[in-house]
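Asks: For reference, this is upload_27.csv, and it has CSV, C-alpha atoms and all ligand atoms.
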chain,number,residue,atom,x,y,z
T,1,MET,CA,95.5,-141.9,171.1
T,2,THR,CA,97.9,-144.8,171.7
T,3,PHE,CA,101.4,-143.9,173.1
T,4,THR,CA,104.0,-146.3,171.7
T,5,LEU,CA,106.9,-147.0,174.0
T,6,GLY,CA,109.9,-148.9,172.7
T,7,VAL,CA,112.1,-151.0,174.9
T,8,HIS,CA,115.6,-151.1,173.2
T,9,GLU,CA,117.3,-154.5,173.2
T,10,SER,CA,120.4,-152.9,174.8
T,11,VAL,CA,118.7,-153.0,178.2
T,12,GLU,CA,119.5,-156.7,178.1
T,13,VAL,CA,122.9,-156.0,179.8
T,14,VAL,CA,120.8,-155.2,183.0
T,15,PHE,CA,117.4,-157.0,182.6
T,16,SER,CA,115.5,-158.9,180.0
T,17,PRO,CA,113.7,-156.4,177.6
T,18,GLU,CA,110.7,-158.8,177.5
T,19,SER,CA,110.3,-158.5,181.2
T,20,PHE,CA,109.8,-154.7,181.1
T,21,PRO,CA,106.2,-154.5,179.8
T,22,ASP,CA,105.1,-157.0,182.6
T,23,VAL,CA,106.3,-154.7,185.3
T,24,LEU,CA,105.2,-151.4,183.7
T,25,ASP,CA,102.1,-150.4,185.6
T,26,VAL,CA,100.0,-147.8,183.8
T,27,PRO,CA,96.2,-147.5,183.9
T,28,GLU,CA,94.5,-149.3,181.0
T,29,GLU,CA,92.8,-146.1,179.8
T,30,SER,CA,96.3,-144.6,179.2
T,31,ALA,CA,96.6,-146.7,176.0
T,32,VAL,CA,100.3,-147.3,176.3
T,33,GLU,CA,101.6,-150.0,173.9
T,34,THR,CA,105.1,-151.4,174.4
T,35,ARG,CA,107.4,-152.8,171.7
T,36,ILE,CA,110.8,-154.4,171.9
T,37,VAL,CA,113.2,-152.7,169.5
T,38,ALA,CA,116.1,-154.8,168.1
T,39,HIS,CA,119.7,-153.3,168.0
T,40,ASP,CA,120.2,-151.3,164.7
T,41,ASP,CA,116.6,-151.6,163.6
T,42,ALA,CA,116.3,-147.9,162.8
T,43,THR,CA,113.0,-148.4,160.9
T,44,ALA,CA,111.3,-149.7,164.1
T,45,LEU,CA,112.1,-146.3,165.7
T,46,ASP,CA,109.8,-144.5,163.3
T,47,ASP,CA,106.7,-145.8,165.0
T,48,LEU,CA,107.7,-144.9,168.5
T,49,ASP,CA,106.8,-142.0,170.7
T,50,ALA,CA,109.5,-142.8,173.3
T,51,ILE,CA,112.2,-145.3,174.0
T,52,VAL,CA,113.6,-146.9,177.2
T,53,THR,CA,117.3,-147.7,176.6
T,54,PHE,CA,120.7,-148.5,177.9
T,55,ALA,CA,122.7,-147.6,174.8
T,56,TYR,CA,122.6,-144.3,172.9
T,57,ASP,CA,122.1,-144.8,169.1
T,58,GLU,CA,122.5,-141.8,166.7
T,59,ALA,CA,119.4,-143.1,164.9
T,60,PHE,CA,117.4,-142.0,167.9
T,61,LEU,CA,117.9,-138.4,166.7
T,62,ASP,CA,116.5,-139.0,163.2
T,63,ALA,CA,113.4,-140.8,164.5
T,64,ASP,CA,110.5,-138.6,165.6
T,65,LEU,CA,110.9,-139.5,169.3
T,66,GLU,CA,109.4,-137.3,172.0
T,67,TRP,CA,111.4,-138.7,174.8
T,68,ILE,CA,114.3,-141.1,175.7
T,69,HIS,CA,114.6,-142.8,179.1
T,70,SER,CA,118.0,-144.0,180.2
T,71,ILE,CA,117.9,-147.1,182.4
T,72,GLN,CA,121.1,-145.8,184.1
T,73,THR,CA,121.5,-142.8,186.4
T,74,GLY,CA,124.6,-141.6,184.6
T,75,VAL,CA,123.6,-140.0,181.3
T,76,ASP,CA,127.1,-138.8,180.3
T,77,ARG,CA,127.1,-140.6,176.9
T,78,PHE,CA,124.0,-138.9,175.7
T,79,PRO,CA,124.5,-135.8,173.5
T,80,PHE,CA,122.6,-133.2,175.5
T,81,SER,CA,122.9,-130.3,173.0
T,82,ASP,CA,121.9,-132.4,170.0
T,83,LEU,CA,118.8,-133.8,171.9
T,84,GLU,CA,117.9,-130.3,173.0
T,85,ALA,CA,118.2,-129.0,169.4
T,86,ALA,CA,116.1,-131.9,168.1
T,87,GLY,CA,113.4,-131.3,170.9
T,88,VAL,CA,113.9,-134.7,172.4
T,89,ALA,CA,113.5,-135.0,176.2
T,90,LEU,CA,116.0,-137.2,178.1
T,91,THR,CA,115.2,-138.7,181.5
T,92,SER,CA,117.4,-140.7,183.8
T,93,SER,CA,116.9,-143.5,186.4
T,94,THR,CA,118.4,-141.6,189.4
T,95,GLY,CA,116.8,-142.4,192.7
T,96,ILE,CA,116.8,-146.2,192.6
T,97,HIS,CA,120.4,-147.3,193.3
T,98,GLY,CA,121.2,-146.0,196.8
T,99,ASP,CA,120.6,-149.4,198.5
T,100,ALA,CA,122.4,-151.6,196.0
T,101,VAL,CA,125.4,-149.4,195.6
T,102,GLY,CA,125.5,-148.7,199.3
T,103,ASP,CA,125.7,-152.4,200.0
T,104,THR,CA,128.4,-152.9,197.3
T,105,VAL,CA,130.6,-150.1,198.8
T,106,ALA,CA,130.1,-151.5,202.3
T,107,GLY,CA,131.2,-154.9,200.9
T,108,TYR,CA,134.4,-153.4,199.4
T,109,MET,CA,135.3,-151.7,202.7
T,110,LEU,CA,134.6,-154.8,204.7
T,111,SER,CA,136.8,-156.9,202.3
T,112,PHE,CA,139.7,-154.5,202.7
T,113,ALA,CA,139.4,-154.3,206.5
T,114,ARG,CA,139.2,-158.1,206.9
T,115,GLY,CA,141.2,-159.2,203.9
T,116,LEU,CA,138.3,-161.3,202.5
T,117,HIS,CA,139.3,-160.8,198.9
T,118,VAL,CA,142.7,-162.2,199.5
T,119,TYR,CA,141.5,-165.2,201.5
T,120,ARG,CA,139.0,-165.9,198.6
T,121,ASP,CA,142.0,-165.9,196.2
T,122,ALA,CA,143.8,-168.4,198.4
T,123,GLN,CA,140.7,-170.6,198.5
T,124,VAL,CA,140.6,-170.6,194.7
T,125,ASP,CA,144.2,-171.8,194.8
T,126,GLY,CA,143.4,-174.4,197.6
T,127,ARG,CA,145.9,-172.7,199.9
T,128,TRP,CA,145.5,-172.4,203.8
T,129,ASP,CA,147.3,-169.1,204.2
T,130,ARG,CA,146.6,-167.0,207.3
T,131,THR,CA,148.8,-164.1,206.3
T,132,PRO,CA,146.6,-161.0,206.1
T,133,PRO,CA,147.2,-158.7,203.1
T,134,ALA,CA,147.5,-155.7,205.5
T,135,PRO,CA,147.1,-155.4,209.3
T,136,PRO,CA,143.4,-156.3,209.8
T,137,PHE,CA,141.1,-153.6,211.2
T,138,SER,CA,137.5,-152.9,212.1
T,139,LEU,CA,135.5,-150.2,210.2
T,140,ALA,CA,134.2,-148.6,213.4
T,141,GLY,CA,135.9,-145.3,214.0
T,142,GLU,CA,137.5,-145.2,210.5
T,143,ARG,CA,136.8,-142.2,208.3
T,144,LEU,CA,135.0,-142.5,205.0
T,145,CYS,CA,135.0,-139.5,202.7
T,146,LEU,CA,132.2,-139.5,200.1
T,147,VAL,CA,132.7,-137.3,197.0
T,148,GLY,CA,129.1,-136.8,195.9
T,149,LEU,CA,126.3,-136.9,198.3
T,150,GLY,CA,123.3,-137.6,196.2
T,151,VAL,CA,121.3,-140.8,195.9
T,152,LEU,CA,124.4,-143.0,195.9
T,153,GLY,CA,126.4,-141.0,198.5
T,154,ARG,CA,123.4,-141.0,200.9
T,155,GLY,CA,122.9,-144.8,200.5
T,156,ILE,CA,126.6,-145.4,201.2
T,157,ALA,CA,126.6,-142.9,204.1
T,158,ALA,CA,123.7,-144.7,205.8
T,159,ARG,CA,125.5,-148.0,205.8
T,160,ALA,CA,128.9,-146.6,206.8
T,161,ALA,CA,127.2,-144.8,209.8
T,162,GLY,CA,125.6,-148.1,210.7
T,163,LEU,CA,129.0,-149.7,210.8
T,164,GLY,CA,130.2,-147.0,213.2
T,165,MET,CA,132.3,-145.1,210.7
T,166,ASP,CA,133.1,-141.4,210.8
T,167,VAL,CA,131.6,-140.1,207.6
T,168,VAL,CA,132.5,-136.8,205.8
T,169,GLY,CA,131.6,-135.7,202.3
T,170,VAL,CA,132.1,-133.3,199.4
T,171,ARG,CA,129.3,-131.8,197.3
T,172,ARG,CA,128.8,-128.7,195.2
T,173,THR,CA,126.6,-127.0,197.7
T,174,PRO,CA,128.0,-127.8,201.1
T,175,THR,CA,124.8,-128.0,203.1
T,176,PRO,CA,124.2,-130.8,205.7
T,177,VAL,CA,123.3,-134.4,204.7
T,178,ALA,CA,121.9,-137.2,207.0
T,179,ASN,CA,124.6,-139.6,208.4
T,180,VAL,CA,127.4,-137.2,207.2
T,181,ASP,CA,129.3,-135.5,210.1
T,182,GLU,CA,130.9,-132.8,208.0
T,183,VAL,CA,130.2,-131.6,204.5
T,184,TYR,CA,132.9,-129.8,202.5
T,185,GLY,CA,132.5,-127.7,199.3
T,186,ARG,CA,134.3,-128.7,196.1
T,187,ASP,CA,137.2,-126.2,196.8
T,188,ARG,CA,138.1,-128.2,200.0
T,189,LEU,CA,138.4,-131.6,198.2
T,190,ALA,CA,142.1,-132.2,199.1
T,191,GLU,CA,141.4,-131.5,202.8
T,192,ALA,CA,138.4,-133.7,202.8
T,193,ILE,CA,140.1,-136.7,201.2
T,194,GLY,CA,143.4,-136.2,203.1
T,195,GLY,CA,142.2,-137.5,206.4
T,196,ALA,CA,140.1,-140.5,205.2
T,197,ARG,CA,140.8,-144.2,205.3
T,198,PHE,CA,138.4,-144.7,202.4
T,199,VAL,CA,137.5,-142.2,199.7
T,200,ALA,CA,134.4,-143.2,197.7
T,201,LEU,CA,133.5,-141.4,194.4
T,202,ALA,CA,129.7,-141.1,193.8
T,203,LEU,CA,129.3,-138.1,191.5
T,204,PRO,CA,128.3,-137.8,187.9
T,205,LEU,CA,130.8,-137.6,185.0
T,206,THR,CA,130.8,-134.0,183.8
T,207,PRO,CA,133.4,-131.7,182.3
T,208,GLU,CA,134.1,-130.5,185.9
T,209,SER,CA,134.5,-134.0,187.3
T,210,GLU,CA,136.6,-135.6,184.5
T,211,GLY,CA,140.0,-136.4,185.9
T,212,LEU,CA,139.0,-135.1,189.4
T,213,ILE,CA,141.2,-137.7,191.0
T,214,GLY,CA,144.7,-137.4,189.5
T,215,PRO,CA,148.3,-137.6,190.9
T,216,ALA,CA,147.9,-134.6,193.2
T,217,GLU,CA,144.7,-135.9,194.8
T,218,LEU,CA,146.2,-139.4,195.2
T,219,ASP,CA,149.2,-137.8,196.8
T,220,ALA,CA,146.9,-136.0,199.2
T,221,MET,CA,145.4,-139.3,200.4
T,222,ARG,CA,146.8,-141.3,203.3
T,223,GLU,CA,149.2,-144.1,202.6
T,224,ASP,CA,146.8,-146.6,204.2
T,225,ALA,CA,143.8,-145.3,202.3
T,226,TYR,CA,141.7,-147.0,199.7
T,227,LEU,CA,140.0,-145.4,196.7
T,228,ILE,CA,136.5,-146.6,195.7
T,229,ASN,CA,135.0,-145.6,192.4
T,230,VAL,CA,131.4,-146.4,191.7
T,231,ALA,CA,130.8,-143.2,189.7
T,232,ARG,CA,132.3,-143.3,186.2
T,233,GLY,CA,135.8,-144.4,185.1
T,234,PRO,CA,137.0,-141.0,183.7
T,235,VAL,CA,136.5,-139.3,187.0
T,236,VAL,CA,139.8,-141.0,188.0
T,237,ASP,CA,143.1,-140.7,186.0
T,238,GLU,CA,143.5,-144.5,185.7
T,239,GLU,CA,147.2,-144.5,184.9
T,240,ALA,CA,147.9,-142.3,187.9
T,241,LEU,CA,145.9,-144.7,190.1
T,242,ILE,CA,147.8,-147.8,188.8
T,243,GLU,CA,151.0,-146.0,189.7
T,244,ALA,CA,149.8,-144.9,193.1
T,245,VAL,CA,148.6,-148.4,194.1
T,246,SER,CA,151.7,-150.1,192.6
T,247,ASN,CA,154.2,-147.8,194.4
T,248,GLY,CA,152.3,-147.7,197.8
T,249,THR,CA,151.1,-144.0,197.6
T,250,ILE,CA,147.8,-145.5,198.6
T,251,ALA,CA,146.9,-148.9,200.0
T,252,GLY,CA,144.5,-150.1,197.3
T,253,ALA,CA,141.3,-149.5,195.3
T,254,ALA,CA,137.9,-151.0,194.6
T,255,LEU,CA,136.7,-150.2,191.1
T,256,ASP,CA,133.3,-150.8,189.5
T,257,VAL,CA,133.8,-148.5,186.6
T,258,PHE,CA,136.7,-147.9,184.2
T,259,GLU,CA,138.0,-145.6,181.5
T,260,THR,CA,137.3,-148.3,179.0
T,261,GLU,CA,134.6,-151.0,179.6
T,262,PRO,CA,134.9,-153.9,179.4
T,263,LEU,CA,138.3,-153.4,181.1
T,264,PRO,CA,141.0,-154.4,178.4
T,265,GLU,CA,142.8,-157.7,179.1
T,266,THR,CA,146.1,-155.8,179.0
T,267,SER,CA,145.2,-153.5,181.9
T,268,PRO,CA,147.7,-153.8,184.8
T,269,LEU,CA,144.7,-153.5,187.2
T,270,TRP,CA,143.8,-157.2,186.7
T,271,ASP,CA,147.0,-158.2,188.5
T,272,LEU,CA,147.1,-155.9,191.4
T,273,GLN,CA,146.4,-157.9,194.6
T,274,ASN,CA,145.2,-154.8,196.6
T,275,VAL,CA,142.6,-153.9,193.9
T,276,ILE,CA,139.1,-155.3,193.8
T,277,LEU,CA,137.5,-155.1,190.4
T,278,THR,CA,133.7,-155.6,189.7
T,279,PRO,CA,132.4,-155.4,186.1
T,280,HIS,CA,130.1,-152.3,186.5
T,281,VAL,CA,127.6,-154.2,188.7
T,282,ALA,CA,127.5,-152.1,191.8
T,283,ALA,CA,123.8,-151.2,191.2
T,284,ALA,CA,122.7,-154.7,190.0
T,285,HIS,CA,119.4,-155.7,191.6
T,286,ARG,CA,116.7,-158.3,190.9
T,287,GLU,CA,114.1,-155.5,191.1
T,288,TYR,CA,116.0,-153.3,188.6
T,289,ALA,CA,113.5,-153.5,185.8
T,290,ALA,CA,110.6,-152.9,188.2
T,291,ARG,CA,112.3,-149.9,189.7
T,292,VAL,CA,113.0,-148.4,186.2
T,293,ALA,CA,109.4,-149.2,185.3
T,294,ALA,CA,108.1,-147.2,188.3
T,295,ILE,CA,110.0,-144.1,187.1
T,296,VAL,CA,108.8,-144.5,183.5
T,297,GLY,CA,105.2,-145.2,184.7
T,298,GLU,CA,105.4,-142.0,186.8
T,299,SER,CA,106.5,-140.0,183.7
T,300,LEU,CA,103.7,-141.5,181.6
T,301,ARG,CA,101.1,-140.4,184.3
T,302,ARG,CA,102.7,-137.0,184.6
T,303,ARG,CA,102.7,-136.5,180.8
T,304,GLU,CA,99.0,-137.3,180.7
T,305,ARG,CA,98.4,-134.6,183.3
T,306,GLY,CA,100.5,-132.2,181.2
T,307,GLU,CA,103.3,-132.1,183.9
T,308,GLU,CA,107.1,-132.4,183.5
T,309,LEU,CA,108.5,-135.9,183.1
T,310,ALA,CA,110.2,-137.5,186.1
T,311,ASN,CA,114.0,-137.2,186.4
T,312,ARG,CA,114.2,-134.9,183.3
T,313,VAL,CA,117.8,-134.0,182.3
T,314,VAL,CA,117.2,-132.4,178.9
W,401,LIG,P1,122.8,-137.5,192.2
W,401,LIG,O1,122.6,-136.5,191.2
W,401,LIG,O2,121.8,-137.9,193.2
W,401,LIG,O3,124.1,-137.0,193.2
W,401,LIG,C1,125.2,-136.4,192.6
W,401,LIG,C2,126.1,-135.8,193.7
W,401,LIG,O4,127.3,-135.4,193.2
W,401,LIG,C3,125.5,-134.6,194.4
W,401,LIG,O5,125.7,-134.6,195.8
W,401,LIG,C4,126.3,-133.4,193.7
W,401,LIG,O6,126.4,-132.3,194.5
W,401,LIG,C5,127.6,-134.1,193.5
W,401,LIG,N1,128.4,-133.5,192.5
W,401,LIG,C6,128.1,-133.2,191.2
W,401,LIG,N2,129.2,-132.7,190.6
W,401,LIG,C7,130.2,-132.5,191.5
W,401,LIG,C8,131.5,-132.0,191.4
W,401,LIG,N3,132.0,-131.6,190.3
W,401,LIG,N4,132.2,-132.1,192.6
W,401,LIG,C9,131.7,-132.6,193.8
W,401,LIG,N5,130.4,-133.1,193.9
W,401,LIG,C10,129.7,-133.0,192.7
W,401,LIG,O7,123.4,-138.8,191.5
W,401,LIG,P2,123.5,-140.3,192.0
W,401,LIG,O8,124.0,-140.3,193.4
W,401,LIG,O9,122.2,-141.0,191.7
W,401,LIG,O10,124.6,-140.9,191.0
W,401,LIG,C11,125.9,-140.3,190.9
W,401,LIG,C12,126.6,-140.9,189.7
W,401,LIG,O11,127.0,-142.3,190.0
W,401,LIG,C13,125.8,-141.1,188.4
W,401,LIG,O12,125.8,-139.9,187.6
W,401,LIG,C14,126.4,-142.2,187.7
W,401,LIG,O13,127.4,-141.8,186.8
W,401,LIG,C15,127.0,-143.0,188.8
W,401,LIG,N6,126.3,-144.3,189.0
W,401,LIG,C16,127.0,-145.5,188.9
W,401,LIG,C17,126.4,-146.7,189.2
W,401,LIG,C18,127.1,-148.0,189.1
W,401,LIG,O14,126.5,-149.0,188.8
W,401,LIG,N7,128.4,-148.0,189.4
W,401,LIG,C19,124.9,-146.7,189.5
W,401,LIG,C20,124.3,-145.5,189.6
W,401,LIG,C21,125.0,-144.3,189.4
W,401,LIG,P3,125.1,-131.5,195.1
W,401,LIG,O15,124.5,-132.4,196.1
W,401,LIG,O16,125.7,-130.2,195.6
W,401,LIG,O17,124.2,-131.3,193.9
Can you present the structure in this file as structure tokens?
Ligand code: NDP

Replies:
Amino acid sequence: MTFTLGVHESVEVVFSPESFPDVLDVPEESAVETRIVAHDDATALDDLDAIVTFAYDEAFLDADLEWIHSIQTGVDRFPFSDLEAAGVALTSSTGIHGDAVGDTVAGYMLSFARGLHVYRDAQVDGRWDRTPPAPPFSLAGERLCLVGLGVLGRGIAARAAGLGMDVVGVRRTPTPVANVDEVYGRDRLAEAIGGARFVALALPLTPESEGLIGPAELDAMREDAYLINVARGPVVDEEALIEAVSNGTIAGAALDVFETEPLPETSPLWDLQNVILTPHVAAAHREYAARVAAIVGESLRRRERGEELANRVV
């Protein structure tokens, strides 16, 4: 029997929906048919067995879907208990972003160390200004503390270790991780971030991690430290961060994710010189669609063998 897989148009924020069937590699005998599903076309959902999507639409619950695949790693906006009650499986795209996000975070750290972001601003204004934004330094020997040591954390750690940095990290289960010199448990967060020049957040948004970095944690950081958030906006108390950067409690921040996305025009973050903002693109990669397709293809093969889907969350 044919298995009908929808590709929701919302994936277009990351890759072209039309490109997905071309990179989905499943054996011909599997009889998988793919269809592009337009935004708000609830009737198209009725003919599907599964959907690959960026957005969550409540209409997914009313359709008779067997399975939803999120093209993101973070699945915090999907209603786990409703899906479970409706018997709909949810899978994520964890596993594919370690290199892209690792490179992005290395880029942020290099910019802060060498003042590149500020020289680029001067270039845009046509100004020859050699004044560094802060005393320039080299990353070698500086400490990075990674909060979250999964796929992203490990990708970042590998690059930081290559740059000669001293890498420590925090995870729920404080067992050793490659390229990380010391691993702390969640209860030692303040101690772990306290000694670091860079604190990079790479953990999921959950009820436990929401607001994890607030005034007390920012106070625990060094005055010359930078906060990097590639996790999810609500992991950080944004107002407290704006205050900490504005009054010099910390040296600056690099943010890829925000409490509200797109970042509102009125946010003071736009105007802070020692803040680097990127519009949730830390994981962008020209192979993104192919990498998601590899996970979905693996799930389709597993399903045929009667096995569990890959990266199943619900
Ligand atoms: P993983 O599941 O591979 O790793 C998560 C890590 O976070 C694990 O080390 C886990 O600990 C740790 N962790 C979970 N909860 C806590 C907590 N409360 N306190 C401390 N550590 C915790 O996920 P990924 O690395 O693939 O992704 C992490 C998150 O990053 C995603 O959920 C997503 O929200 C975000 N993300 C953002 C992207 C972007 O474009 N900016 C791209 C991809 C992901 P343990 O090892 O003990 O289980």

Asks: Out of T:Asn247, T:Ala220, T:Cys145, T:Ser30, which residue has the shortest atom-to-atom distance to Val183 (chain T) when counting all atoms listed in the file?

Replies: T:Cys145

Asks: Could you name the residues that touch Pro204 (chain T) at 10 Å or less, counting only C-alpha atoms, but leaving out those on the same chain fewer than 4 positions away, as a ChimeraX atom specification?

Replies: /T:73-76,148,150,208-210,230-232,235

Asks: Kindly save the residues from that selection, with C-alpha atoms included, as a PDB file, keeping the file's coordinate frame.

Replies:
ATOM      1  CA  THR T  73     121.500-142.800 186.400  1.00  0.00           C
ATOM      2  CA  GLY T  74     124.600-141.600 184.600  1.00  0.00           C
ATOM      3  CA  VAL T  75     123.600-140.000 181.300  1.00  0.00           C
ATOM      4  CA  ASP T  76     127.100-138.800 180.300  1.00  0.00           C
ATOM      5  CA  GLY T 148     129.100-136.800 195.900  1.00  0.00           C
ATOM      6  CA  GLY T 150     123.300-137.600 196.200  1.00  0.00           C
ATOM      7  CA  GLU T 208     134.100-130.500 185.900  1.00  0.00           C
ATOM      8  CA  SER T 209     134.500-134.000 187.300  1.00  0.00           C
ATOM      9  CA  GLU T 210     136.600-135.600 184.500  1.00  0.00           C
ATOM     10  CA  VAL T 230     131.400-146.400 191.700  1.00  0.00           C
ATOM     11  CA  ALA T 231     130.800-143.200 189.700  1.00  0.00           C
ATOM     12  CA  ARG T 232     132.300-143.300 186.200  1.00  0.00           C
ATOM     13  CA  VAL T 235     136.500-139.300 187.000  1.00  0.00           C
TER      14      VAL T 235
END

Asks: In Å, rounded to a single decimal, give me how far CA of Ala157 (chain T) is from atom C5 of ligand LIG 401 (chain W).

Replies: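 About the pair atom C5 of ligand LIG 401 (chain W) and CA of Ala157 (chain T): they are 13.8 Å apart.
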
Asks: 8 Å from ligand LIG 401 (chain W) is the threshold here; counting all atoms listed in the file, which polymer residues fall inside it? Answer as a PDB file with C-alpha atoms, keeping the file's coordinate frame.

Replies:
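Saved to pocket-v7.pdb:
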ATOM      1  CA  GLN T  72     121.100-145.800 184.100  1.00  0.00           C
ATOM      2  CA  THR T  73     121.500-142.800 186.400  1.00  0.00           C
ATOM      3  CA  GLY T  74     124.600-141.600 184.600  1.00  0.00           C
ATOM      4  CA  VAL T  75     123.600-140.000 181.300  1.00  0.00           C
ATOM      5  CA  ASP T  76     127.100-138.800 180.300  1.00  0.00           C
ATOM      6  CA  SER T  93     116.900-143.500 186.400  1.00  0.00           C
ATOM      7  CA  THR T  94     118.400-141.600 189.400  1.00  0.00           C
ATOM      8  CA  GLY T  95     116.800-142.400 192.700  1.00  0.00           C
ATOM      9  CA  ILE T  96     116.800-146.200 192.600  1.00  0.00           C
ATOM     10  CA  HIS T  97     120.400-147.300 193.300  1.00  0.00           C
ATOM     11  CA  GLY T  98     121.200-146.000 196.800  1.00  0.00           C
ATOM     12  CA  VAL T 101     125.400-149.400 195.600  1.00  0.00           C
ATOM     13  CA  VAL T 147     132.700-137.300 197.000  1.00  0.00           C
ATOM     14  CA  GLY T 148     129.100-136.800 195.900  1.00  0.00           C
ATOM     15  CA  LEU T 149     126.300-136.900 198.300  1.00  0.00           C
ATOM     16  CA  GLY T 150     123.300-137.600 196.200  1.00  0.00           C
ATOM     17  CA  VAL T 151     121.300-140.800 195.900  1.00  0.00           C
ATOM     18  CA  LEU T 152     124.400-143.000 195.900  1.00  0.00           C
ATOM     19  CA  GLY T 153     126.400-141.000 198.500  1.00  0.00           C
ATOM     20  CA  ARG T 154     123.400-141.000 200.900  1.00  0.00           C
ATOM     21  CA  VAL T 170     132.100-133.300 199.400  1.00  0.00           C
ATOM     22  CA  ARG T 171     129.300-131.800 197.300  1.00  0.00           C
ATOM     23  CA  ARG T 172     128.800-128.700 195.200  1.00  0.00           C
ATOM     24  CA  THR T 173     126.600-127.000 197.700  1.00  0.00           C
ATOM     25  CA  PRO T 174     128.000-127.800 201.100  1.00  0.00           C
ATOM     26  CA  THR T 175     124.800-128.000 203.100  1.00  0.00           C
ATOM     27  CA  GLY T 185     132.500-127.700 199.300  1.00  0.00           C
ATOM     28  CA  ARG T 186     134.300-128.700 196.100  1.00  0.00           C
ATOM     29  CA  LEU T 201     133.500-141.400 194.400  1.00  0.00           C
ATOM     30  CA  ALA T 202     129.700-141.100 193.800  1.00  0.00           C
ATOM     31  CA  LEU T 203     129.300-138.100 191.500  1.00  0.00           C
ATOM     32  CA  PRO T 204     128.300-137.800 187.900  1.00  0.00           C
ATOM     33  CA  LEU T 205     130.800-137.600 185.000  1.00  0.00           C
ATOM     34  CA  THR T 206     130.800-134.000 183.800  1.00  0.00           C
ATOM     35  CA  GLU T 208     134.100-130.500 185.900  1.00  0.00           C
ATOM     36  CA  SER T 209     134.500-134.000 187.300  1.00  0.00           C
ATOM     37  CA  LEU T 212     139.000-135.100 189.400  1.00  0.00           C
ATOM     38  CA  ASN T 229     135.000-145.600 192.400  1.00  0.00           C
ATOM     39  CA  VAL T 230     131.400-146.400 191.700  1.00  0.00           C
ATOM     40  CA  ALA T 231     130.800-143.200 189.700  1.00  0.00           C
ATOM     41  CA  ARG T 232     132.300-143.300 186.200  1.00  0.00           C
ATOM     42  CA  ASP T 256     133.300-150.800 189.500  1.00  0.00           C
ATOM     43  CA  VAL T 257     133.800-148.500 186.600  1.00  0.00           C
ATOM     44  CA  HIS T 280     130.100-152.300 186.500  1.00  0.00           C
ATOM     45  CA  VAL T 281     127.600-154.200 188.700  1.00  0.00           C
ATOM     46  CA  ALA T 282     127.500-152.100 191.800  1.00  0.00           C
ATOM     47  CA  ALA T 283     123.800-151.200 191.200  1.00  0.00           C
ATOM     48  CA  ALA T 284     122.700-154.700 190.000  1.00  0.00           C
TER      49      ALA T 284
END

Asks: How far is it from CA of Ala200 (chain T) to CA of Leu146 (chain T), in Å with one decimal?

Replies: 4.9 Å

Asks: Which residue gives the smallest distance to Ala253 (chain T) among T:Leu227, T:Val314, T:Val177, T:Leu277, with only C-alpha atoms counted?

Replies: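 Nearest candidate to Ala253 (chain T) out of T:Leu227, T:Val314, T:Val177, T:Leu277: T:Leu227.
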
Asks: Please provide the set of residues having any atom within 8 Å of region 48-55 of chain T, restricted to all atoms listed in the file, with same-chain residues fewer than 5 positions apart removed, written as a count of residues only.

Replies: 18

Asks: Looking at T:Asp121, T:Asp181, T:Glu217, T:Asp82, which one is nearest to Ile193 (chain T), with distances taken over all atoms listed in the file?

Replies: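 Closest to Ile193 (chain T) of all the choices is T:Glu217.
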
Asks: Could you pull the residues within 12 Å of Val275 (chain T), counting all atoms listed in the file, minus those fewer than 3 positions along the same chain, as a VMD selection string?

Replies: chain T and resid 108 to 109 111 to 112 115 117 to 118 133 226 to 229 241 to 242 244 to 246 250 to 256 268 to 272 278

Asks: I'd like to know which of T:Val296, T:Ala44, T:Leu263, T:Val26 is closest to Ala59 (chain T), using all atoms listed in the file.

Replies: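 Under the stated criterion, the closest residue is T:Ala44.
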
Asks: As an exercise, work out the distance from CA of Ala289 (chain T) to CA of Gly306 (chain T) in Å and give it to one decimal place.

Replies: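 According to the coordinates, CA of Ala289 (chain T) and CA of Gly306 (chain T) are separated by 25.4 Å.
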
Asks: Quick one: of T:Glu29, T:Glu142, T:Glu259, T:Asp166, who's nearest to Gly211 (chain T), counting only C-alpha atoms?

Replies: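 Closest candidate: T:Glu259.
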
Asks: (134.9, -144.1, 215.1) in this file's frame - what residues fall within 8 Å of it? Use all atoms listed in the file and give the answer as a list of chain:residue names.

Replies: T:Leu139, T:Ala140, T:Gly141, T:Glu142, T:Arg143, T:Gly164, T:Met165, T:Asp166

Asks: Of the candidates T:Ser267, T:Asn179, T:Ser16, T:Thr91, which one gets nearest to Glu308 (chain T) if we count all atoms listed in the file?

Replies: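 Between T:Ser267, T:Asn179, T:Ser16, T:Thr91, the residue approaching Glu308 (chain T) most closely is T:Thr91.
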